[in-house]
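S.K.: This is protein.tsv (TSV, C-alpha atoms).
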```
chain	number	residue	atom	x	y	z
D	1	ARG	CA	102.60	188.54	151.01
D	2	ALA	CA	99.77	190.86	152.07
D	3	PRO	CA	96.98	189.23	153.96
D	4	SER	CA	93.58	189.07	152.30
D	5	ARG	CA	90.37	190.56	153.64
D	6	GLY	CA	89.29	189.22	156.93
D	7	GLY	CA	92.87	188.95	158.15
D	8	THR	CA	93.44	185.36	156.83
D	9	ASP	CA	95.98	183.99	154.34
D	10	ARG	CA	94.32	181.67	151.86
D	11	SER	CA	97.54	180.14	150.53
D	12	GLY	CA	98.72	179.34	154.05
D	13	SER	CA	95.43	177.64	154.97
D	14	ALA	CA	95.56	175.54	151.77
D	15	GLY	CA	99.07	174.34	152.58
D	16	LEU	CA	97.97	173.48	156.09
D	17	TYR	CA	95.05	171.44	154.71
D	18	VAL	CA	97.36	169.53	152.31
D	19	THR	CA	99.80	168.74	155.12
D	20	MET	CA	97.01	167.49	157.34
D	21	ALA	CA	95.56	165.32	154.57
D	22	ARG	CA	98.95	163.67	153.92
D	23	ASN	CA	99.47	162.95	157.59
D	24	GLU	CA	96.00	161.42	157.78
D	25	GLU	CA	96.74	159.22	154.74
D	26	LYS	CA	99.97	158.03	156.28
D	27	ALA	CA	98.24	157.26	159.51
D	28	ASN	CA	95.50	155.33	157.72
D	29	ASN	CA	98.09	153.46	155.69
D	30	MET	CA	100.01	152.49	158.79
D	31	PHE	CA	96.79	151.52	160.51
D	32	ASN	CA	95.76	149.36	157.57
D	33	ARG	CA	99.10	147.63	157.58
D	34	PHE	CA	98.81	147.04	161.29
D	35	ILE	CA	95.35	145.52	160.91
D	36	LYS	CA	96.50	143.35	158.02
D	37	GLY	CA	99.52	142.11	159.95
D	38	LYS	CA	97.41	141.35	163.00
D	39	GLN	CA	94.96	139.34	160.89
D	40	GLU	CA	97.78	137.37	159.30
D	41	ALA	CA	99.22	136.67	162.75
D	42	LEU	CA	95.85	135.36	163.89
D	43	LYS	CA	95.47	133.21	160.76
D	44	GLY	CA	98.99	131.95	160.91
D	45	GLU	CA	101.72	132.15	158.34
D	46	LYS	CA	100.59	131.14	154.85
D	47	ASP	CA	102.12	127.91	153.62
D	48	ARG	CA	104.35	128.13	150.60
D	49	ARG	CA	104.57	125.36	148.02
D	50	PRO	CA	107.83	123.44	148.38
D	51	TYR	CA	110.32	123.93	145.60
D	52	LEU	CA	110.85	120.17	145.27
D	53	ALA	CA	108.00	117.71	145.41
D	54	THR	CA	110.21	115.22	147.24
D	55	GLU	CA	110.30	117.56	150.27
D	56	CYS	CA	106.60	116.92	150.91
D	57	LYS	CA	105.93	113.96	153.22
D	58	ASP	CA	102.14	114.29	153.55
D	59	LEU	CA	99.75	112.85	150.95
D	60	ASN	CA	97.01	115.42	151.63
D	61	ALA	CA	99.47	118.30	151.30
D	62	ALA	CA	100.80	116.91	148.03
D	63	ASP	CA	97.26	116.62	146.68
D	64	LYS	CA	96.60	120.21	147.78
D	65	TRP	CA	99.67	121.52	145.93
D	66	ARG	CA	98.63	119.61	142.82
D	67	GLN	CA	95.17	121.21	142.94
D	68	GLU	CA	96.77	124.63	143.33
D	69	ILE	CA	98.95	124.04	140.28
D	70	LEU	CA	95.90	122.99	138.28
D	71	ARG	CA	94.14	126.23	139.20
D	72	GLU	CA	97.17	128.26	138.14
D	73	ILE	CA	97.32	126.39	134.83
D	74	GLY	CA	93.63	127.07	134.20
D	75	LYS	CA	94.03	130.81	134.87
D	76	LYS	CA	97.04	131.13	132.58
D	77	VAL	CA	95.37	129.10	129.82
D	78	MET	CA	92.40	131.45	129.91
D	79	GLU	CA	94.73	134.47	129.88
D	80	ILE	CA	96.75	133.20	126.90
D	81	GLN	CA	93.62	133.12	124.72
D	82	ASN	CA	93.88	136.92	124.38
D	83	ALA	CA	95.84	137.58	121.18
D	84	GLY	CA	96.27	141.27	122.06
D	85	LEU	CA	98.77	140.63	124.85
D	86	GLY	CA	101.73	140.81	122.49
D	87	GLU	CA	104.21	138.30	121.26
D	88	HIS	CA	106.58	138.49	124.24
D	89	ARG	CA	103.82	138.15	126.84
D	90	LEU	CA	102.28	135.22	124.98
D	91	ARG	CA	105.63	133.42	124.82
D	92	ASP	CA	106.22	134.02	128.54
D	93	LEU	CA	102.76	132.75	129.40
D	94	ASN	CA	103.25	129.65	127.27
D	95	ASP	CA	106.59	128.94	128.97
D	96	GLU	CA	104.99	129.37	132.40
D	97	ILE	CA	102.17	126.97	131.50
D	98	ASN	CA	104.63	124.33	130.32
D	99	LYS	CA	106.67	124.81	133.49
D	100	LEU	CA	103.56	124.33	135.63
D	101	ILE	CA	102.66	121.20	133.65
D	102	ARG	CA	106.09	119.72	134.34
D	103	GLU	CA	105.75	120.65	138.02
D	104	LYS	CA	102.32	119.01	138.09
D	105	SER	CA	103.81	115.77	136.75
D	106	HIS	CA	106.40	115.82	139.56
D	107	TRP	CA	103.67	116.20	142.18
D	108	GLU	CA	101.62	113.41	140.58
D	109	LYS	CA	104.62	111.07	140.78
D	110	ARG	CA	105.15	112.13	144.41
D	111	ILE	CA	101.48	111.39	145.20
D	112	LEU	CA	101.89	107.97	143.63
D	113	ASP	CA	105.00	107.34	145.75
D	114	LEU	CA	103.08	108.32	148.90
D	115	GLY	CA	100.36	105.76	148.09
D	116	GLY	CA	97.83	108.09	146.48
D	117	PRO	CA	95.85	107.70	143.21
D	118	ASN	CA	97.62	107.41	139.89
D	119	TYR	CA	96.96	110.80	138.26
D	120	VAL	CA	99.65	110.16	135.63
D	121	VAL	CA	97.51	107.68	133.72
D	122	GLN	CA	94.30	109.67	134.17
D	123	GLY	CA	95.65	112.98	132.86
D	124	ARG	CA	97.66	112.06	129.77
D	125	ARG	CA	95.54	114.21	127.43
D	126	ILE	CA	96.24	117.94	127.72
D	127	ALA	CA	93.56	120.04	126.04
D	128	ASP	CA	93.42	123.70	125.14
D	129	ALA	CA	90.69	126.08	126.27
D	130	ASP	CA	88.69	125.33	123.09
D	131	GLY	CA	88.80	121.58	123.79
D	132	LYS	CA	91.44	120.72	121.21
D	133	ASP	CA	94.65	118.91	122.01
D	134	ALA	CA	97.63	121.21	122.51
D	135	LYS	CA	100.29	120.99	119.83
D	136	GLU	CA	103.73	119.75	120.77
D	137	ASP	CA	107.04	121.23	119.66
D	138	GLU	CA	109.65	118.50	119.27
D	139	GLN	CA	112.46	121.02	118.83
D	140	LYS	CA	112.01	122.29	122.42
D	141	GLY	CA	111.86	118.82	123.89
D	142	THR	CA	109.23	116.20	124.35
D	143	GLY	CA	106.11	117.56	126.03
D	144	TYR	CA	106.48	121.27	125.14
D	145	ARG	CA	103.07	122.45	123.97
D	146	TYR	CA	101.52	125.63	122.62
D	147	PHE	CA	98.22	126.98	123.93
D	148	GLY	CA	95.69	129.54	122.73
D	149	ALA	CA	97.04	132.48	120.75
D	150	ALA	CA	100.60	131.16	121.07
D	151	LYS	CA	99.84	128.70	118.28
D	152	GLN	CA	99.47	131.63	115.87
D	153	LEU	CA	102.81	133.26	116.68
D	154	PRO	CA	105.39	133.77	113.92
D	155	GLY	CA	107.46	130.65	113.49
D	156	VAL	CA	105.03	128.47	115.41
D	157	LYS	CA	102.27	128.26	112.83
D	158	GLU	CA	104.76	127.30	110.10
D	159	LEU	CA	106.24	124.71	112.43
D	160	PHE	CA	103.06	122.65	112.47
D	161	ASP	CA	101.78	123.36	108.96
D	162	LYS	CA	103.67	120.55	107.27
D	163	PRO	CA	103.34	120.31	103.51
D	164	ALA	CA	101.39	117.42	102.12
D	165	ALA	CA	103.37	114.40	101.09
D	166	ARG	CA	104.26	114.60	97.41
D	167	THR	CA	103.42	111.47	95.49
D	168	VAL	CA	106.17	110.62	93.01
D	169	ARG	CA	105.44	108.26	90.18
D	170	ARG	CA	107.85	105.40	89.88
D	171	THR	CA	109.89	105.37	86.73
D	172	ARG	CA	110.41	102.32	84.55
D	173	HIS	CA	113.99	102.09	85.74
D	174	ALA	CA	112.87	102.01	89.39
D	175	MET	CA	110.34	99.28	88.66
D	176	ASN	CA	112.91	97.21	86.75
D	177	LYS	CA	115.28	97.39	89.72
D	178	GLN	CA	112.72	95.48	91.80
D	179	ILE	CA	112.42	92.65	89.28
D	180	ASP	CA	114.41	89.59	90.29
D	181	ALA	CA	114.44	85.86	89.58
D	182	ASP	CA	111.25	85.34	91.58
D	183	TYR	CA	109.35	87.63	89.19
D	184	TYR	CA	110.14	85.28	86.27
D	185	GLY	CA	109.56	82.15	88.34
D	186	PHE	CA	113.12	80.84	88.17
D	187	ARG	CA	113.08	79.66	91.78
D	188	ASP	CA	109.53	78.29	91.89
D	189	GLU	CA	110.73	74.65	91.61
D	190	GLU	CA	113.31	74.77	94.39
D	191	ASP	CA	110.93	73.73	97.18
D	192	GLY	CA	109.38	70.92	95.10
D	193	VAL	CA	105.78	71.95	95.81
D	194	LEU	CA	105.13	73.19	92.30
D	195	LEU	CA	106.59	70.03	90.75
D	196	ARG	CA	104.29	67.80	92.80
D	197	GLU	CA	101.25	69.87	91.90
D	198	GLU	CA	102.18	69.86	88.21
D	199	GLU	CA	102.68	66.08	88.28
D	200	GLU	CA	99.27	65.49	89.82
D	201	ALA	CA	97.61	67.89	87.37
D	202	GLU	CA	99.37	66.18	84.45
D	203	LYS	CA	98.13	62.75	85.55
D	204	GLU	CA	94.57	64.04	85.78
D	205	MET	CA	94.79	65.65	82.33
D	206	VAL	CA	96.26	62.48	80.76
D	207	ALA	CA	93.54	60.32	82.34
D	208	ALA	CA	90.84	62.66	81.06
D	209	ALA	CA	92.36	62.70	77.57
D	210	VAL	CA	92.59	58.86	77.49
D	211	MET	CA	88.95	58.53	78.56
D	212	ASP	CA	87.89	60.99	75.88
D	213	TRP	CA	89.89	59.15	73.23
D	214	GLU	CA	88.47	55.78	74.26
D	215	ALA	CA	84.94	57.13	74.09
D	216	LYS	CA	85.53	58.56	70.61
D	217	GLU	CA	87.11	55.30	69.40
D	218	ALA	CA	84.20	53.26	70.71
D	219	GLN	CA	81.76	55.59	68.97
D	220	ARG	CA	83.73	55.41	65.70
D	221	GLU	CA	83.88	51.60	65.76
D	222	GLU	CA	80.17	51.45	66.44
D	223	ASP	CA	79.48	53.74	63.49
D	224	GLN	CA	81.70	51.63	61.19
D	225	ARG	CA	80.01	48.41	62.32
D	226	ARG	CA	76.60	49.86	61.58
D	227	THR	CA	77.79	51.11	58.19
D	228	ARG	CA	79.14	47.66	57.23
D	229	GLY	CA	75.93	46.06	58.40
D	230	GLY	CA	73.95	48.41	56.15
D	231	ARG	CA	76.13	47.57	53.11
D	232	GLY	CA	75.79	43.78	53.64
D	233	GLY	CA	72.01	43.87	53.60
D	234	GLY	CA	71.54	43.58	57.31
D	235	GLY	CA	72.76	41.22	60.06
D	236	GLY	CA	71.03	38.74	62.30
D	237	ASP	CA	67.78	39.06	64.08
D	238	ASP	CA	69.44	40.64	67.10
D	239	ASP	CA	71.13	43.29	64.98
D	240	ASP	CA	67.91	44.03	63.14
D	241	ALA	CA	66.04	44.46	66.39
D	242	GLU	CA	68.79	46.67	67.79
D	243	ASP	CA	69.19	48.90	64.72
D	244	ALA	CA	65.53	49.06	63.72
D	245	HIS	CA	65.11	52.51	65.19
D	246	GLN	CA	68.27	53.90	63.57
D	247	PHE	CA	68.75	55.19	60.01
D	248	VAL	CA	70.97	52.99	57.85
D	249	ALA	CA	72.66	54.37	54.71
D	250	HIS	CA	72.50	51.79	51.85
D	251	VAL	CA	75.10	53.58	49.71
D	252	PRO	CA	78.87	53.29	50.19
D	253	LEU	CA	80.34	56.27	52.01
D	254	PRO	CA	83.56	57.77	50.60
D	255	ASP	CA	86.63	57.51	52.76
D	256	GLN	CA	89.29	60.16	53.34
D	257	LYS	CA	91.29	59.33	50.20
D	258	ASP	CA	88.24	59.53	47.96
D	259	ILE	CA	87.33	62.91	49.39
D	260	GLU	CA	90.88	64.23	48.85
D	261	GLY	CA	90.83	63.01	45.23
D	262	MET	CA	87.49	64.68	44.55
D	263	VAL	CA	88.74	67.96	46.01
D	264	LEU	CA	91.91	67.76	43.87
D	265	GLN	CA	89.94	67.11	40.69
D	266	LYS	CA	87.66	70.06	41.42
D	267	LYS	CA	90.66	72.37	41.94
D	268	LYS	CA	92.23	71.20	38.66
D	269	LYS	CA	88.99	71.79	36.84
D	270	ASP	CA	88.69	75.31	38.27
D	271	LEU	CA	92.28	76.17	37.29
D	272	LEU	CA	91.80	74.87	33.76
D	273	ALA	CA	88.59	76.83	33.41
D	274	LYS	CA	90.39	79.97	34.56
D	275	TYR	CA	93.64	79.78	32.61
D	276	ALA	CA	93.12	77.28	29.70
D	277	SER	CA	91.36	78.16	26.44
D	278	ALA	CA	88.38	76.33	24.97
D	279	GLU	CA	90.51	74.67	22.22
D	280	LEU	CA	93.00	73.35	24.76
D	281	MET	CA	90.22	71.92	26.88
D	282	ALA	CA	88.67	70.23	23.82
D	283	GLN	CA	92.03	68.68	22.89
D	284	GLU	CA	92.48	67.43	26.45
D	285	ALA	CA	89.01	65.85	26.45
D	286	GLU	CA	89.73	64.17	23.11
D	287	ALA	CA	93.00	62.79	24.45
D	288	LYS	CA	91.24	61.36	27.52
D	289	GLN	CA	88.67	59.67	25.32
D	290	MET	CA	91.38	58.10	23.19
D	291	LEU	CA	93.21	56.85	26.30
D	292	ASN	CA	90.02	55.38	27.70
D	293	ALA	CA	89.30	53.69	24.36
D	294	GLY	CA	92.81	52.19	24.24
D	295	ARG	CA	92.45	50.81	27.77
D	296	GLY	CA	89.10	49.22	26.82
D	297	GLU	CA	90.63	47.40	23.82
D	298	ASP	CA	93.53	46.08	25.94
D	299	ALA	CA	91.09	44.75	28.52
```
Kindly present the structure from the file in structure tokens form.
M.R.:
Amino acid sequence: RAPSRGGTDRSGSAGLYVTMARNEEKANNMFNRFIKGKQEALKGEKDRRPYLATECKDLNAADKWRQEILREIGKKVMEIQNAGLGEHRLRDLNDEINKLIREKSHWEKRILDLGGPNYVVQGRRIADADGKDAKEDEQKGTGYRYFGAAKQLPGVKELFDKPAARTVRRTRHAMNKQIDADYYGFRDEEDGVLLREEEEAEKEMVAAAVMDWEAKEAQREEDQRRTRGGRGGGGGDDDDAEDAHQFVAHVPLPDQKDIEGMVLQKKKKDLLAKYASAELMAQEAEAKQMLNAGRGEDA
């Protein structure tokens, strides 16, 4: 290629600049890694959380790993609130959160074994980022919960939206199947309690009825005695003084037979007046007069 004015090759200088820039970047990168490694060496190797909680023998270390797990759970719970992460990412995050929760329970038991506080009782309630309790999925085992946007995933929302219980009216046949001898009281007298109560109630009712009857009989006899005293023109001085304030009937009162006879005569008279003619009634009256006259002559 022909050199440009001034005796310099622009394309060659540009390539040289690019090569120098890449070498400088590599050197800086290596220098940065060297500085980072030296700082880590000065700080010491970073501790890694044991895979099994039983490998930890120090109470303070176990409490530290539990706090670290809690921080990881909090970060992932905040991240899972974003519904735009996609279904697969949300499911992975939810699985990771449940895994961390199980790991946290192992560390809490280990802390309790080492003589530390009982975090198991204190942290039974697991809440979501919005303060609501996380829903559990019994199909994936006891303790599997859904957080944040994972509760709205396909198949999860329908899992917890249970239909309302349908109330079914009992049919007459179903109600009749529950009727037994106790419903009709066939076995009420087997223990003897009902019989004793009925016997006591019967005695009380009989005693009350007898007292009522005696009171009525006494009142009836008193009325009859007063009536007989009125018919006989009065009794002694004591009776007069006792009955002076009471009304005495001086006419004989009809008894039950007299009243029944009067009612019968009235009914006969009404029937004759309704169905018999005037001539028949006149003949009957004439016959009665003749019978009465014949009885008077015989007497």
S.K.: Please, what distance in Å, to one decimal, runs between CA of Gly148 in chain D and CA of Gln122 in chain D?
M.R.: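 A separation of 23.0 Å between them.
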S.K.: For a cutoff of 6 Å around the file-coordinate point (101.8, 133.2, 123.2), which residues qualify once you count all atoms listed in the file? I'd like the result as a list in words.
M.R.: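 Residues satisfying the cut-off, written out: Glu87, Leu90, Arg91, Asn94, Ala149 and Ala150 of chain D.
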S.K.: Considering all atoms listed in the file, can you say which of D:Leu159, D:Met281, D:Ile259, D:Ile97 comes closest to Arg71 in chain D?
M.R.: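 So, comparing all the options, the nearest one is D:Ile97.
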S.K.: Just to confirm, what's the straight-line distance from CA of Gln224 in chain D to CA of Asp258 in chain D in Å (one decimal)?
M.R.: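 A separation of 16.7 Å between them.
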S.K.: Please determine the residues with any atom at most 12 Å from (106.7, 114.4, 142.8) (coordinates as given in the file, with all atoms listed in the file counting) and report them as a PyMOL selection string.
M.R.: chain D and resi 50-59+61-63+65-66+102-116+118-120
S.K.: Between CA of Gly37 in chain D and CA of Gln67 in chain D, measure the distance and give it in Å to one decimal.
M.R.: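 Going from CA of Gly37 in chain D over to CA of Gln67 in chain D, I get 27.3 Å.
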S.K.: Have a look at D:Leu272, D:Arg170, D:Leu70, D:Tyr146 and name the one nearest to Glu284 in chain D; count only C-alpha atoms.
M.R.: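 Among D:Leu272, D:Arg170, D:Leu70, D:Tyr146, it is D:Leu272 that comes nearest to Glu284 in chain D.
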